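Read through the structure below, which is laid out as structure tokens, and then see the notes.
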Amino acid sequence: MVLVFILRSCGSSGQPIDTGSQPGTLAPSEPASPAVEPTQPAVVPTRPRATATRKAAASPVAQPTTPAQSTSVPAASSPGQKWLVMLYQDADDKVLEQDIYFDLNEAERVGSTARMQIVAQMDRFRGGFAGDGNWTGAKRFYVTKDEDLQRVGSKQIADLGEINMSDPKTLIDFVTWAMKAYPADKYALILSDHGMGWPGALTDADSQRRSISNIPMEAAIGNLTYLQDLDGALGQIRAQTGLDKFELIGLDACLMSHIEVYDALAPHARYAVASQETEPALGWAYTGFLSHLAQNPNISGAALGKLIVDTYIQDDQRIVDDQARADYMRQGSPRGSFFDSLGQPSPEELAKQMEDSVTLTAVDLGAIPQVVSSINDLAAALAQVDPASVARAKSYAQPFTSIFGQQIPPSYVDLGSLAQLAKQFSQDPEVARTADGVVASVRAAVLAEKHGPKKPGATGISIYFPISQLYRSPVAGPQSYTTIAKRFAEDSSWDDFLAYFFAGRPFEPTVRSVAVPDPSAGRFSAPGAGGIQVGPVQLSAKTAAPGKPVTMRAKVTGANAGYAYIFAGYIDKASNSIYVADLDYLESPNSRQAGGITYPDWGDKGSFTLEFDWEPLTFAITDGKTTAQTPLIPRSYGAVPEEAVYTVDGIYTFIDGTTSSARLYFSNGYLRQVFGFAGSDPSAGAPHEITPQTGDKFTVLERWMDLNPQGGVKEIVTQEGKTLTFGPKSFTWKTLDAAAGDYVIGFIVEDLDGNSYESYTPVKVP
């Protein structure tokens, strides 16, 4: 979970920070360096984990699984049936263009057959991938067999020019054309582009902004196929063509395996495939699952969905094709850095590494009404128990990448994980019964799913459960949610439960009304928030040095404690500000597990003591030539050091000079992935994996805490730090001895609604 003290602090319950300085200015443009690199740095170390009184057991490693019930999926349908596979490929994006173009080339390695025809509509970006003639605009293809992965050899049906692929009218036009031109017994529609979860998918930054409704999220985001638009477009397609249902709808996009999404798709299709988490740049393994379909077109959509999941990553051409793998693993790529010392990896080695954090789910949409019904039962039970126990379950449930920025705890959580933790924390028989019902309904709906060991609590379907700050926001709250996820709001009582939970609106389990509380009619609440005090930090000594740590202790009182963190900052007296130098989880003495998730247990006495031995070490990332000091922000509680994920936010500059907010993902010392975000926030908006090219750059964003005259935090500012360049060596992290000077160290405790409470004390590094 992302620490939120930086922008939403509820104030320190310890003493003001005594920097010994007079009031100054904001952080300077060239701050004093808070660390120096050792003369002879050691090899890249494993980053030490912060601990409290004692460490908890390591998180289990969950292997990608296929639920047992998937073995009963019918393997065949009517003899001699014909399929039409429609690829709606919105590559009108600088980052995704080449990857989606490669997907079309993968489909060409199979090509159309007499009983499996493939058509594609591809919209390219102006100024992105320059390969294969560098054409722009949109074209339609009848996909034919072609082994060349670098160019499209299929028959061009139409050149449409520049169109808006996010406009639902464009989708309707493509699908109705394809179904009329190439009639079949079964129809599969696969949509490829960015995904944002329940808000929708398919952006188009290279087209004129289409007319926007009065929905706050639409006004904020702009071009996107919003979920209610997709629902309406699929309904119009069926009405115009007389189609009963699509056999399968696939969403080859990030974060789309939501119950809200599946409920919108259920009237229009029999089966669906989507991912709970962000997808790697590879996308789906089109050659893999299309070749199986070509060989046996008599299979059902259920079997096809299972094939898409089973072939994901493992059968991708950039994994199994020697030349494509070599290109993908070129020097300087994040994936390549992991194998620098091993030479060219085998397909099995690369696939295993890439599956670390992936998810993919195939769902029987006919079972979704029962999932919704089970959610309604659970919501009714949750409304009768202590809201703090529900807030705790939400805080610790398996999270997925947030589209709302790093300052906001993840609001996309695994539905099964949430149910299991609600059962654990409430200790209520009715919650236990209904939570078991949710888990059972999810298992019945999920035909196949895989998740990597870094997503141990994933069960296949996510749900939106925000914190109070998001719920109060018109963009992310009920004004947008109940309109964009309209069908789910009408079918379920989840929006009614959220209105009860955050706004005190009366909850009637049998009433299916769209719940949009009036902010002016009452006060919004924040269950699980507040009531926490962090006492003064006591030190065993006033100075610390590398190899000579200082023990720090503080007493915490309050029943709503969630995660706790260790903090270290360097004091720049000239600017009266503090450089954020380090941040990491503190593990509780008795970490526990439920449904694969490890979470802290601070006891039931209402108070506990945090203790930590702080050694003045800081962290940096390097490209082999330039070293940039930066805190590594933890993303996984309780993970063993080799499995823990840390991130660095900054600005990505492509070799052509264009920029994007971005985040680097590190594990075990190495850069594993680079993700860009569509928003201006380094971690907000639709996420997308960036495959670095030689010469691309990454500028670290430093965080500084500007102080007021009393020593309290006035505001948090970011400023650009050092810039690293992608080249022969990929990025790694290293530890540095902290520079001599004045520091503040302390503890931060986050409540169950994402608010933070801190206590700091000064310490000197001679």
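Within each chain, counting starts at residue 1; across the structure tokens, chains are named A, B, ... in the order shown, with ligands numbered 1 upward in that order.
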Set the distance at 10 Å and use only C-alpha atoms: which residues neighbour Ala91 (chain A) once local chain neighbours fewer than 5 positions away are removed? I'd like the list as a ChimeraX atom specification. /A:96-101,121-125,128-129,137-138,165,192-194,202-204
Report the residues of region 388-547 of chain A whose backbone DSSP state falls under strand (DSSP E), written as number ranges by chain. A: 412-414, 446-451, 462-464, 533-534, 538-539
For CA of Asn560 (chain A) and CA of Ile403 (chain A), quote the distance in Å rounded to one decimal.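 Computed distance, CA of Asn560 (chain A) to CA of Ile403 (chain A), equals 25.6 Å.
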Shell of 8 Å around Ile597 (chain A), only C-alpha atoms, local chain residues under 6 positions omitted, as an MDAnalysis selection string: chainID A and resid 59 396:398 417 456:457
What does the file look like for those residues with N, CA and C atoms, as an mmCIF file, in the first residue's frame?
```
data_model
loop_
_atom_site.group_PDB
_atom_site.id
_atom_site.type_symbol
_atom_site.label_atom_id
_atom_site.label_comp_id
_atom_site.auth_asym_id
_atom_site.auth_seq_id
_atom_site.Cartn_x
_atom_site.Cartn_y
_atom_site.Cartn_z
ATOM 1 N N SER A 59 5.702 -14.317 3.344
ATOM 2 C CA SER A 59 4.479 -14.571 2.593
ATOM 3 C C SER A 59 4.642 -15.845 1.782
ATOM 4 N N TYR A 396 -6.476 -4.412 4.028
ATOM 5 C CA TYR A 396 -5.515 -5.498 3.883
ATOM 6 C C TYR A 396 -5.821 -6.439 2.715
ATOM 7 N N ALA A 397 -6.973 -6.302 2.063
ATOM 8 C CA ALA A 397 -7.299 -7.182 0.939
ATOM 9 C C ALA A 397 -6.283 -7.007 -0.186
ATOM 10 N N GLN A 398 -6.126 -8.065 -0.985
ATOM 11 C CA GLN A 398 -5.171 -8.006 -2.105
ATOM 12 C C GLN A 398 -5.458 -6.790 -2.978
ATOM 13 N N SER A 417 -10.596 -12.040 -1.671
ATOM 14 C CA SER A 417 -9.721 -11.661 -0.557
ATOM 15 C C SER A 417 -10.470 -10.772 0.428
ATOM 16 N N PRO A 456 -0.474 -12.867 -4.259
ATOM 17 C CA PRO A 456 -0.890 -14.131 -3.641
ATOM 18 C C PRO A 456 -2.370 -14.201 -3.290
ATOM 19 N N GLY A 457 -3.031 -13.063 -3.113
ATOM 20 C CA GLY A 457 -4.433 -13.083 -2.709
ATOM 21 C C GLY A 457 -5.407 -12.954 -3.854
#
```
Quick one: residues within 7 Å of region 432-442 of chain A, only C-alpha atoms counted, chain neighbours fewer than 6 positions away excluded, as a ChimeraX atom specification? /A:370-371,374-375,377-378,416,419-420,423
Just write the chosen residues, N, CA and C atoms, as a PDB file, in the first residue's frame.
```
ATOM      1  N   GLN A 370     -25.149 -14.612  -9.986  1.00  0.00           N
ATOM      2  CA  GLN A 370     -25.007 -15.225  -8.671  1.00  0.00           C
ATOM      3  C   GLN A 370     -23.899 -14.558  -7.870  1.00  0.00           C
ATOM      4  N   VAL A 371     -22.816 -14.125  -8.538  1.00  0.00           N
ATOM      5  CA  VAL A 371     -21.776 -13.384  -7.828  1.00  0.00           C
ATOM      6  C   VAL A 371     -22.353 -12.089  -7.273  1.00  0.00           C
ATOM      7  N   SER A 374     -24.487 -12.769  -4.286  1.00  0.00           N
ATOM      8  CA  SER A 374     -23.685 -13.069  -3.091  1.00  0.00           C
ATOM      9  C   SER A 374     -23.080 -11.796  -2.508  1.00  0.00           C
ATOM     10  N   ILE A 375     -22.724 -10.833  -3.373  1.00  0.00           N
ATOM     11  CA  ILE A 375     -22.229  -9.542  -2.883  1.00  0.00           C
ATOM     12  C   ILE A 375     -23.328  -8.813  -2.123  1.00  0.00           C
ATOM     13  N   ASP A 377     -25.751 -10.172  -0.457  1.00  0.00           N
ATOM     14  CA  ASP A 377     -25.891 -10.830   0.852  1.00  0.00           C
ATOM     15  C   ASP A 377     -24.776 -10.395   1.796  1.00  0.00           C
ATOM     16  N   LEU A 378     -23.548 -10.328   1.276  1.00  0.00           N
ATOM     17  CA  LEU A 378     -22.422  -9.917   2.111  1.00  0.00           C
ATOM     18  C   LEU A 378     -22.584  -8.467   2.543  1.00  0.00           C
ATOM     19  N   GLY A 416     -12.667 -11.908  -3.565  1.00  0.00           N
ATOM     20  CA  GLY A 416     -12.543 -13.062  -2.678  1.00  0.00           C
ATOM     21  C   GLY A 416     -11.693 -12.767  -1.464  1.00  0.00           C
ATOM     22  N   ALA A 419     -13.685 -10.680   1.015  1.00  0.00           N
ATOM     23  CA  ALA A 419     -14.664 -11.497   1.742  1.00  0.00           C
ATOM     24  C   ALA A 419     -13.997 -12.325   2.823  1.00  0.00           C
ATOM     25  N   GLN A 420     -12.875 -12.950   2.509  1.00  0.00           N
ATOM     26  CA  GLN A 420     -12.192 -13.785   3.494  1.00  0.00           C
ATOM     27  C   GLN A 420     -11.703 -12.965   4.688  1.00  0.00           C
ATOM     28  N   LYS A 423     -14.608 -11.881   6.960  1.00  0.00           N
ATOM     29  CA  LYS A 423     -14.956 -13.003   7.832  1.00  0.00           C
ATOM     30  C   LYS A 423     -13.984 -13.101   8.998  1.00  0.00           C
TER      31      LYS A 423
END
```
Hey, which of A:Asn668, A:Gln295, A:Asn223, A:Gln117 ends up closest to Ala184 (chain A)? Count only C-alpha atoms.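 Using only C-alpha atoms, the shortest distance to Ala184 (chain A) belongs to A:Gln117.
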Selected residue, from A:Leu265, A:Val390, A:Val765, A:Ala253, that lies nearest to Gly195 (chain A) when counting only C-alpha atoms: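 Ranking A:Leu265, A:Val390, A:Val765, A:Ala253 by distance to Gly195 (chain A), first place goes to A:Ala253.
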DSSP helix (DSSP H, G or I) selection over region 398-446 of chain A, as a list in words: Leu415, Gly416, Ser417, Leu418, Ala419, Gln420, Leu421, Ala422, Lys423, Gln424, Phe425, Ser426, Pro429, Glu430, Val431, Ala432, Arg433, Thr434, Ala435, Asp436, Gly437, Val438, Val439, Ala440, Ser441, Val442, Arg443, Ala444 and Ala445 of chain A
Report the distance between CA of Arg109 (chain A) and CA of Asp148 (chain A) in Å, rounded to one decimal place. 7.7 Å
Name all residues at most 10 Å from Trp602 (chain A) (count only C-alpha atoms; drop same-chain ones fewer than 3 positions away) and give them as an mmCIF file with N, CA and C atoms, in the first residue's frame.
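Once everything was written out, this is out.cif:
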```
data_model
loop_
_atom_site.group_PDB
_atom_site.id
_atom_site.type_symbol
_atom_site.label_atom_id
_atom_site.label_comp_id
_atom_site.auth_asym_id
_atom_site.auth_seq_id
_atom_site.Cartn_x
_atom_site.Cartn_y
_atom_site.Cartn_z
ATOM 1 N N VAL A 556 2.289 3.538 20.592
ATOM 2 C CA VAL A 556 1.145 3.871 19.754
ATOM 3 C C VAL A 556 -0.123 3.449 20.480
ATOM 4 N N ALA A 559 -7.188 1.943 18.274
ATOM 5 C CA ALA A 559 -7.599 0.641 17.753
ATOM 6 C C ALA A 559 -7.641 0.578 16.231
ATOM 7 N N ASN A 560 -7.379 1.679 15.555
ATOM 8 C CA ASN A 560 -7.541 1.714 14.107
ATOM 9 C C ASN A 560 -6.232 1.675 13.343
ATOM 10 N N ALA A 561 -5.174 1.197 13.963
ATOM 11 C CA ALA A 561 -3.875 1.167 13.297
ATOM 12 C C ALA A 561 -3.886 0.161 12.151
ATOM 13 N N GLY A 562 -3.387 0.603 11.007
ATOM 14 C CA GLY A 562 -3.248 -0.276 9.853
ATOM 15 C C GLY A 562 -1.792 -0.633 9.653
ATOM 16 N N TYR A 563 -1.148 0.015 8.678
ATOM 17 C CA TYR A 563 0.270 -0.216 8.436
ATOM 18 C C TYR A 563 1.104 0.802 9.198
ATOM 19 N N ALA A 564 2.314 0.398 9.564
ATOM 20 C CA ALA A 564 3.271 1.298 10.205
ATOM 21 C C ALA A 564 4.544 1.330 9.375
ATOM 22 N N GLU A 587 7.107 -4.375 10.286
ATOM 23 C CA GLU A 587 6.273 -5.553 10.455
ATOM 24 C C GLU A 587 5.872 -5.714 11.906
ATOM 25 N N SER A 588 4.647 -6.131 12.117
ATOM 26 C CA SER A 588 4.146 -6.316 13.474
ATOM 27 C C SER A 588 4.747 -7.576 14.085
ATOM 28 N N PRO A 589 4.723 -7.675 15.421
ATOM 29 C CA PRO A 589 5.273 -8.870 16.061
ATOM 30 C C PRO A 589 4.552 -10.146 15.651
ATOM 31 N N ASN A 590 3.274 -10.024 15.283
ATOM 32 C CA ASN A 590 2.484 -11.211 14.970
ATOM 33 C C ASN A 590 1.738 -11.024 13.654
ATOM 34 N N SER A 591 2.481 -10.939 12.574
ATOM 35 C CA SER A 591 1.820 -10.864 11.278
ATOM 36 C C SER A 591 1.023 -12.146 11.045
ATOM 37 N N TYR A 599 -0.795 -9.819 6.724
ATOM 38 C CA TYR A 599 -1.187 -8.502 7.220
ATOM 39 C C TYR A 599 -0.707 -8.336 8.658
ATOM 40 N N LYS A 605 -5.132 -4.799 22.557
ATOM 41 C CA LYS A 605 -5.090 -4.035 23.811
ATOM 42 C C LYS A 605 -5.230 -2.530 23.592
ATOM 43 N N GLY A 606 -5.254 -2.114 22.353
ATOM 44 C CA GLY A 606 -5.402 -0.698 22.074
ATOM 45 C C GLY A 606 -4.121 0.091 22.158
ATOM 46 N N SER A 607 -3.001 -0.563 22.420
ATOM 47 C CA SER A 607 -1.705 0.116 22.432
ATOM 48 C C SER A 607 -0.607 -0.897 22.141
ATOM 49 N N PHE A 608 0.464 -0.416 21.566
ATOM 50 C CA PHE A 608 1.617 -1.264 21.282
ATOM 51 C C PHE A 608 2.827 -0.361 21.114
ATOM 52 N N THR A 609 4.008 -0.953 21.166
ATOM 53 C CA THR A 609 5.251 -0.197 21.068
ATOM 54 C C THR A 609 5.984 -0.566 19.790
ATOM 55 N N LEU A 610 6.359 0.448 19.032
ATOM 56 C CA LEU A 610 7.188 0.256 17.851
ATOM 57 C C LEU A 610 8.653 0.380 18.244
#
```
Near Ser577 (chain A), counting only C-alpha atoms, which residues have an atom at most 6 Å away, once you skip same-chain residues fewer than 3 positions from it, shown as a list of chain:residue names?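 Listing them by chain and then by number gives A:Asp572, A:Met705, A:Asp706, A:Leu707.
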Selection export as a PDB file, in the first residue's frame, atoms kept: N, CA and C atoms:
```pdb
ATOM      1  N   ASP A 572      17.853  20.062   5.639  1.00  0.00           N
ATOM      2  CA  ASP A 572      18.579  21.114   4.928  1.00  0.00           C
ATOM      3  C   ASP A 572      18.250  22.422   5.639  1.00  0.00           C
ATOM      4  N   MET A 705       9.922  18.107   2.449  1.00  0.00           N
ATOM      5  CA  MET A 705       8.935  18.583   3.413  1.00  0.00           C
ATOM      6  C   MET A 705       9.344  19.984   3.845  1.00  0.00           C
ATOM      7  N   ASP A 706       8.630  20.987   3.376  1.00  0.00           N
ATOM      8  CA  ASP A 706       8.914  22.355   3.801  1.00  0.00           C
ATOM      9  C   ASP A 706       8.302  22.588   5.180  1.00  0.00           C
ATOM     10  N   LEU A 707       9.075  23.237   6.068  1.00  0.00           N
ATOM     11  CA  LEU A 707       8.665  23.408   7.456  1.00  0.00           C
ATOM     12  C   LEU A 707       8.185  24.829   7.716  1.00  0.00           C
TER      13      LEU A 707
END
```
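Proximity ranking of A:Ser480, A:Gln673, A:Thr510, A:Asn576 relative to Gly711 (chain A) places A:Asn576 first, based on only C-alpha atoms.
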Non-local contacts of Pro687 (chain A) (8 Å; only C-alpha atoms; under 4 positions in same chain excluded) as a list in words: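 Non-adjacent residues within range: His194, Gly195, Met196, Cys254, Thr278, Ile403, Phe675, Gly676, Phe677, Ala678 and Ser683 of chain A.
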Restrict the selected residues to N, CA and C atoms and save them as a PDB file, in the first residue's frame.
```pdb
ATOM      1  N   HIS A 194      -5.376   0.700 -23.418  1.00  0.00           N
ATOM      2  CA  HIS A 194      -5.328   0.971 -21.995  1.00  0.00           C
ATOM      3  C   HIS A 194      -6.627   0.545 -21.331  1.00  0.00           C
ATOM      4  N   GLY A 195      -6.515   0.151 -20.061  1.00  0.00           N
ATOM      5  CA  GLY A 195      -7.689  -0.128 -19.249  1.00  0.00           C
ATOM      6  C   GLY A 195      -7.590   0.615 -17.933  1.00  0.00           C
ATOM      7  N   MET A 196      -8.745   0.991 -17.385  1.00  0.00           N
ATOM      8  CA  MET A 196      -8.771   1.747 -16.129  1.00  0.00           C
ATOM      9  C   MET A 196      -9.689   1.129 -15.089  1.00  0.00           C
ATOM     10  N   CYS A 254      -5.269  -3.310 -19.134  1.00  0.00           N
ATOM     11  CA  CYS A 254      -4.980  -3.394 -17.702  1.00  0.00           C
ATOM     12  C   CYS A 254      -6.250  -3.258 -16.859  1.00  0.00           C
ATOM     13  N   THR A 278      -2.269  -4.725 -13.857  1.00  0.00           N
ATOM     14  CA  THR A 278      -1.710  -4.216 -15.098  1.00  0.00           C
ATOM     15  C   THR A 278      -1.151  -5.368 -15.925  1.00  0.00           C
ATOM     16  N   ILE A 403      -5.416   3.873 -10.121  1.00  0.00           N
ATOM     17  CA  ILE A 403      -5.414   4.871 -11.193  1.00  0.00           C
ATOM     18  C   ILE A 403      -5.574   6.273 -10.617  1.00  0.00           C
ATOM     19  N   PHE A 675       6.480   1.617 -15.853  1.00  0.00           N
ATOM     20  CA  PHE A 675       5.099   1.911 -16.214  1.00  0.00           C
ATOM     21  C   PHE A 675       4.920   3.418 -16.345  1.00  0.00           C
ATOM     22  N   GLY A 676       4.253   3.816 -17.408  1.00  0.00           N
ATOM     23  CA  GLY A 676       3.850   5.200 -17.573  1.00  0.00           C
ATOM     24  C   GLY A 676       2.399   5.355 -17.178  1.00  0.00           C
ATOM     25  N   PHE A 677       1.986   6.587 -16.888  1.00  0.00           N
ATOM     26  CA  PHE A 677       0.610   6.875 -16.498  1.00  0.00           C
ATOM     27  C   PHE A 677       0.106   8.034 -17.345  1.00  0.00           C
ATOM     28  N   ALA A 678      -1.164   7.958 -17.692  1.00  0.00           N
ATOM     29  CA  ALA A 678      -1.726   8.945 -18.601  1.00  0.00           C
ATOM     30  C   ALA A 678      -1.899  10.304 -17.957  1.00  0.00           C
ATOM     31  N   SER A 683       1.753   8.706 -10.821  1.00  0.00           N
ATOM     32  CA  SER A 683       1.152   7.386 -10.669  1.00  0.00           C
ATOM     33  C   SER A 683      -0.351   7.418 -10.851  1.00  0.00           C
TER      34      SER A 683
END
```
Between CA of Pro297 (chain A) and CA of Ala114 (chain A), what is the spacing in Å?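 These atoms are spaced 9.9 Å apart.
Distances to Phe524 (chain A) were evaluated for A:Ala503, A:Ala476, A:Ala639, A:Ala444 using only C-alpha atoms, and the minimum falls at A:Ala503.
Counting only C-alpha atoms, the residue from A:Gln406, A:Leu360, A:Leu418, A:Asp231 that sits nearest to Gly283 (chain A) is A:Leu360.
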Residue with the minimum atom-to-atom distance to Ser667 (chain A), picked from A:Ile461, A:Val749, A:Lys454, A:Thr557 with only C-alpha atoms counted, is A:Lys454
